[in-house]
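**Student:** Quick one: the structure is below, and I'll ask about it shortly.
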Amino acid sequence: MKALVKAEAAPGLWLRDVPEPTAGPGEVLIKVLRTGICGTDLHIRAWDAWAQGALEPPVVIGHEIAGLVETLGRGVDTVDVGDLVSVEGHLVCGRCRSCLGGVRQLCLNTVSVGVDRDGGFAEYVVVPATNVWRHPQPIDPEVAALFDPFGNAVHSALSFRVLGEDVLITGAGPIGIMAASVVRHAGARHVVITDISTERLALATKMGAVTRAVDVSTTSLDPVMAELGMVEGFDVGLEMSGAPAALHTMIQTMAHGGEMALLGLPSGEIPFDWDRVIHSMLTIKGIFGREMFETWYAMSVLINAGLDIKPVITHRFPYTEFEEAFDIAASGHCGKVILDWSGA
Ligand SMILES: [Zn+2]
Ligand SMILES: [Zn+2]
């Protein structure tokens, strides 16, 4: 089968013919329809310091996967052949304290699809049946491929009560924009999103969920907050960029007792205004992945209730044009970029 392989310990990705995987006991083989390009994949293609520490070539990468169940391994009775599914890309051990306690997202031994084992930039992928989300109602395969990053957004956005609250979202990439839609749906009053990309801010505005989309390279938040009649600061902050300046701005503009969820991965250590954190009595929560499977349930319910996240997809390419797709994703002048494997 065709697959995008991190074949060498060097920058780049290689479209290769590799053996088709087979489903072992408890696993399912999925015929891939769509796979989203994630920031993680860009790090791996660039072969930066993070990627060099995280991945041992050769690995088929890609973890934002939607496809059809093709075959079932022995003992699998939770899905049927032909089901349209999305993949939860974090495989947990099932034996550590967190797994046994039912909070699998906290597993100490998490293995990532498309990093630690072969992923879904391929015609077929094998994952444990416990990592497959069967959609309870018909869904567009493109939207199904968004469920991994949509889950990051939902996990962050529903971490704190937002009903009637003012929410600051720093970073208008696909996850930040989807998080804006979720907090709006959950009853937030003002939703202010920031970025330095005009395309991304325009996309956030177009999706209709934000009160203000602010280019922080030219505008500070103070006049925006004054215009909105905000006196005490933001009640909830969702940091989606990993940019030191964004984190700094968030801490400075939170209300006393404000709650922050941090998802954006910084590329190194960030000096922190701890005095502000302490005197403002802020709560800070780190977000990695999705709650298994409460977030997945919430995602399906939100989509079923009419939440439309599809406009966050701005570019689609057949897998053969992966170089161009990755270049656009890396440029930042886009929302979500999706590869189509259905013609393979
Ligand atoms: Zn991802
Ligand atoms: Zn575990």
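Identifiers in this document derive from the order of the structure tokens: chains are assigned A, B, ..., residues are numbered from 1 separately in each chain, and ligands are numbered from 1 in order of occurrence.
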Which residues form the shell of 6 Å around ligand 1 when you count only C-alpha atoms and all ligand atoms, given as a PDB file with N, CA and C atoms, in the first residue's frame?
**Tutor:**
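Wrote out-v5.pdb, looks like this:
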```
ATOM      1  N   CYS A  38      -1.425  17.755  11.043  1.00  0.00           N
ATOM      2  CA  CYS A  38      -1.359  18.365  12.374  1.00  0.00           C
ATOM      3  C   CYS A  38      -0.002  19.036  12.552  1.00  0.00           C
ATOM      4  N   GLU A  64      -4.686  11.995  12.536  1.00  0.00           N
ATOM      5  CA  GLU A  64      -6.047  12.567  12.509  1.00  0.00           C
ATOM      6  C   GLU A  64      -6.831  11.826  11.433  1.00  0.00           C
ATOM      7  N   PRO A 149      -8.248  16.762  16.472  1.00  0.00           N
ATOM      8  CA  PRO A 149      -8.052  18.150  16.918  1.00  0.00           C
ATOM      9  C   PRO A 149      -9.323  18.775  17.501  1.00  0.00           C
TER      10      PRO A 149
END
```
**Student:** Please identify all polymer residues within 9 Å of Arg212 of chain A, counting only C-alpha atoms, omitting same-chain residues fewer than 3 positions from it, and present them as a VMD selection string.
**Tutor:** chain A and resid 190 to 194 205 224
**Student:** Could you please write out, as a PyMOL selection string, every residue of segment 150-299 of chain A that DSSP assigns to alpha helix (DSSP H)?
**Tutor:** chain A and resi 150-157+174-185+198-206+221-227+244-253+274-279+294-299
**Student:** Run DSSP on the backbone and give me the residues of segment 87-322 of chain A it puts in strand (DSSP E), as a ChimeraX atom specification.
**Tutor:** /A:87,90-91,111-112,124-128,132-134,167-170,191-195,212-215,234-239,254-262,283-286,313-318
**Student:** Any residue with an atom at most 12 Å from ligand 2 counts, using only C-alpha atoms and all ligand atoms. Which are they? Put them as number ranges by chain.
**Tutor:** A: 90-111, 292
**Student:** With N, CA and C atoms retained, export the selected residues as a PDB file, in the first residue's frame.
**Tutor:**
```pdb
ATOM      1  N   HIS A  90      -4.254   8.075  20.943  1.00  0.00           N
ATOM      2  CA  HIS A  90      -3.466   7.748  22.131  1.00  0.00           C
ATOM      3  C   HIS A  90      -3.852   6.366  22.638  1.00  0.00           C
ATOM      4  N   LEU A  91      -2.898   5.440  22.569  1.00  0.00           N
ATOM      5  CA  LEU A  91      -3.121   4.083  23.058  1.00  0.00           C
ATOM      6  C   LEU A  91      -2.661   4.021  24.510  1.00  0.00           C
ATOM      7  N   VAL A  92      -3.537   3.541  25.379  1.00  0.00           N
ATOM      8  CA  VAL A  92      -3.209   3.514  26.806  1.00  0.00           C
ATOM      9  C   VAL A  92      -2.992   2.077  27.267  1.00  0.00           C
ATOM     10  N   CYS A  93      -2.348   1.940  28.446  1.00  0.00           N
ATOM     11  CA  CYS A  93      -1.883   0.606  28.845  1.00  0.00           C
ATOM     12  C   CYS A  93      -2.971  -0.253  29.470  1.00  0.00           C
ATOM     13  N   GLY A  94      -3.972   0.399  30.080  1.00  0.00           N
ATOM     14  CA  GLY A  94      -5.050  -0.369  30.709  1.00  0.00           C
ATOM     15  C   GLY A  94      -4.684  -0.948  32.066  1.00  0.00           C
ATOM     16  N   ARG A  95      -3.456  -0.733  32.537  1.00  0.00           N
ATOM     17  CA  ARG A  95      -3.014  -1.374  33.772  1.00  0.00           C
ATOM     18  C   ARG A  95      -2.532  -0.400  34.842  1.00  0.00           C
ATOM     19  N   CYS A  96      -2.179   0.841  34.430  1.00  0.00           N
ATOM     20  CA  CYS A  96      -1.649   1.776  35.430  1.00  0.00           C
ATOM     21  C   CYS A  96      -2.792   2.313  36.297  1.00  0.00           C
ATOM     22  N   ARG A  97      -2.454   3.038  37.334  1.00  0.00           N
ATOM     23  CA  ARG A  97      -3.457   3.555  38.267  1.00  0.00           C
ATOM     24  C   ARG A  97      -4.527   4.379  37.548  1.00  0.00           C
ATOM     25  N   SER A  98      -4.083   5.267  36.626  1.00  0.00           N
ATOM     26  CA  SER A  98      -5.046   6.126  35.941  1.00  0.00           C
ATOM     27  C   SER A  98      -5.993   5.312  35.065  1.00  0.00           C
ATOM     28  N   CYS A  99      -5.426   4.367  34.302  1.00  0.00           N
ATOM     29  CA  CYS A  99      -6.275   3.530  33.441  1.00  0.00           C
ATOM     30  C   CYS A  99      -7.295   2.772  34.281  1.00  0.00           C
ATOM     31  N   LEU A 100      -6.822   2.161  35.373  1.00  0.00           N
ATOM     32  CA  LEU A 100      -7.729   1.380  36.214  1.00  0.00           C
ATOM     33  C   LEU A 100      -8.755   2.284  36.881  1.00  0.00           C
ATOM     34  N   GLY A 101      -8.373   3.551  37.116  1.00  0.00           N
ATOM     35  CA  GLY A 101      -9.291   4.500  37.740  1.00  0.00           C
ATOM     36  C   GLY A 101     -10.245   5.143  36.754  1.00  0.00           C
ATOM     37  N   GLY A 102     -10.138   4.786  35.472  1.00  0.00           N
ATOM     38  CA  GLY A 102     -11.088   5.298  34.482  1.00  0.00           C
ATOM     39  C   GLY A 102     -10.738   6.673  33.947  1.00  0.00           C
ATOM     40  N   VAL A 103      -9.506   7.126  34.179  1.00  0.00           N
ATOM     41  CA  VAL A 103      -9.078   8.410  33.594  1.00  0.00           C
ATOM     42  C   VAL A 103      -7.907   8.110  32.654  1.00  0.00           C
ATOM     43  N   ARG A 104      -8.259   7.486  31.540  1.00  0.00           N
ATOM     44  CA  ARG A 104      -7.243   6.926  30.655  1.00  0.00           C
ATOM     45  C   ARG A 104      -6.363   7.985  30.015  1.00  0.00           C
ATOM     46  N   GLN A 105      -6.885   9.241  29.911  1.00  0.00           N
ATOM     47  CA  GLN A 105      -6.041  10.292  29.321  1.00  0.00           C
ATOM     48  C   GLN A 105      -4.827  10.595  30.182  1.00  0.00           C
ATOM     49  N   LEU A 106      -4.838  10.118  31.432  1.00  0.00           N
ATOM     50  CA  LEU A 106      -3.690  10.361  32.313  1.00  0.00           C
ATOM     51  C   LEU A 106      -2.725   9.175  32.331  1.00  0.00           C
ATOM     52  N   CYS A 107      -2.922   8.203  31.448  1.00  0.00           N
ATOM     53  CA  CYS A 107      -2.060   7.009  31.426  1.00  0.00           C
ATOM     54  C   CYS A 107      -0.585   7.391  31.342  1.00  0.00           C
ATOM     55  N   LEU A 108       0.205   6.730  32.157  1.00  0.00           N
ATOM     56  CA  LEU A 108       1.646   6.998  32.200  1.00  0.00           C
ATOM     57  C   LEU A 108       2.377   6.383  31.014  1.00  0.00           C
ATOM     58  N   ASN A 109       1.734   5.434  30.341  1.00  0.00           N
ATOM     59  CA  ASN A 109       2.417   4.663  29.299  1.00  0.00           C
ATOM     60  C   ASN A 109       1.791   4.888  27.925  1.00  0.00           C
ATOM     61  N   THR A 110       1.305   6.107  27.690  1.00  0.00           N
ATOM     62  CA  THR A 110       0.606   6.409  26.436  1.00  0.00           C
ATOM     63  C   THR A 110       1.520   6.244  25.224  1.00  0.00           C
ATOM     64  N   VAL A 111       0.984   5.585  24.207  1.00  0.00           N
ATOM     65  CA  VAL A 111       1.687   5.391  22.936  1.00  0.00           C
ATOM     66  C   VAL A 111       0.892   6.135  21.857  1.00  0.00           C
ATOM     67  N   MET A 292     -10.862  10.279  27.522  1.00  0.00           N
ATOM     68  CA  MET A 292     -11.359   9.038  26.897  1.00  0.00           C
ATOM     69  C   MET A 292     -12.410   8.377  27.781  1.00  0.00           C
TER      70      MET A 292
END
```
**Student:** Excluding Lys2 of chain A and residues on its chain fewer than 3 positions from it, collect all residues at most 8 Å away from it, counting only C-alpha atoms, and give them as a ChimeraX atom specification.
**Tutor:** /A:15-18,122-123,344
**Student:** Find the residues around segment 171-181 of chain A up to 7 Å (only C-alpha atoms counted), leave out those fewer than 6 positions away in its own chain, and share them as a count of residues only.
**Tutor:** 22
**Student:** Rank nothing, just name the residue among A:Lys6, A:His43, A:Trp14, A:Thr78 nearest to Gly119 of chain A, using only C-alpha atoms.
**Tutor:**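 The closest residue to Gly119 of chain A is A:Lys6.
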**Student:** Within 12 Å of Pro57 of chain A, counting only C-alpha atoms, which residues show up once you throw out same-chain ones fewer than 6 positions away? Write them as a list in words, please.
**Tutor:**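 Selected residues are Leu4, Val5, Lys6, Ala7, Glu8, Ala9, Ala10, Pro11, Gly12, Leu13, Trp14, Ile44, Arg45, Trp47, Ala51, Gly114, Val115, Asp116, Arg117 and Asp118 of chain A.
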**Student:** Between A:Ala3, A:Leu33, A:Val236, A:Ile270, which one has atoms that come closest to Leu282 of chain A, using only C-alpha atoms?
**Tutor:**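 Using only C-alpha atoms, the shortest distance to Leu282 of chain A belongs to A:Val236.
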**Student:** Do a neighbour search on Leu68 of chain A at 7 Å with only C-alpha atoms, toss out local chain neighbours closer than 4 positions, and write the hits as a list of chain:residue names.
**Tutor:** A:Ile30, A:Lys31, A:Val32, A:Gly82, A:Asp83, A:Leu84, A:Val85
**Student:** Store the residues of this selection in a file with N, CA and C atoms, as a short mmCIF file (atom, residue, chain, number, x, y, z; two decimals), in the first residue's frame.
**Tutor:**
```cif
data_model
loop_
_atom_site.label_atom_id
_atom_site.label_comp_id
_atom_site.auth_asym_id
_atom_site.auth_seq_id
_atom_site.Cartn_x
_atom_site.Cartn_y
_atom_site.Cartn_z
N ILE A 30 -8.38 -0.47 9.31
CA ILE A 30 -9.23 0.61 8.80
C ILE A 30 -8.73 1.03 7.42
N LYS A 31 -9.66 1.11 6.47
CA LYS A 31 -9.34 1.68 5.15
C LYS A 31 -9.48 3.20 5.30
N VAL A 32 -8.36 3.89 5.16
CA VAL A 32 -8.33 5.32 5.44
C VAL A 32 -9.02 6.11 4.32
N GLY A 82 -17.31 -1.97 7.69
CA GLY A 82 -18.06 -0.94 6.96
C GLY A 82 -18.40 0.27 7.79
N ASP A 83 -18.22 0.20 9.13
CA ASP A 83 -18.50 1.36 9.97
C ASP A 83 -17.56 2.51 9.62
N LEU A 84 -18.10 3.73 9.58
CA LEU A 84 -17.26 4.92 9.45
C LEU A 84 -16.78 5.31 10.84
N VAL A 85 -15.46 5.36 11.02
CA VAL A 85 -14.90 5.60 12.35
C VAL A 85 -13.84 6.69 12.32
#
```
**Student:** Which of these, A:Met1, A:Pro223, A:His185, A:Ile328, has the shortest distance to Leu42 of chain A once you count only C-alpha atoms?
**Tutor:**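 Of A:Met1, A:Pro223, A:His185, A:Ile328, the one nearest Leu42 of chain A, counting only C-alpha atoms, is A:Ile328.
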**Student:** I'd like to know which of A:Ser342, A:Ser86, A:Thr22, A:Ser156 is closest to Ile139 of chain A, using only C-alpha atoms.
**Tutor:**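 The answer is A:Ser86, which sits nearest to Ile139 of chain A.
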**Student:** Restricting the calculation to only C-alpha atoms: of A:Ser267, A:Thr314, A:Thr219, A:Gln52, which residue gets closest to Glu199 of chain A?
**Tutor:**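 Residue with the minimum atom-to-atom distance to Glu199 of chain A: A:Thr314.
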**Student:** Take atom CA of Phe317 of chain A and atom CA of Ile196 of chain A and report the distance between them in Å, one decimal.
**Tutor:** 25.7 Å
**Student:** Of the candidates A:Ala245, A:Ala144, A:Val127, A:Leu168, which one gets nearest to Gly233 of chain A if we count only C-alpha atoms?
**Tutor:** A:Leu168
**Student:** Interatomic distance between atom CA of Pro244 of chain A and atom CA of Trp274 of chain A?
**Tutor:**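 Computed distance, atom CA of Pro244 of chain A to atom CA of Trp274 of chain A, equals 14.1 Å.
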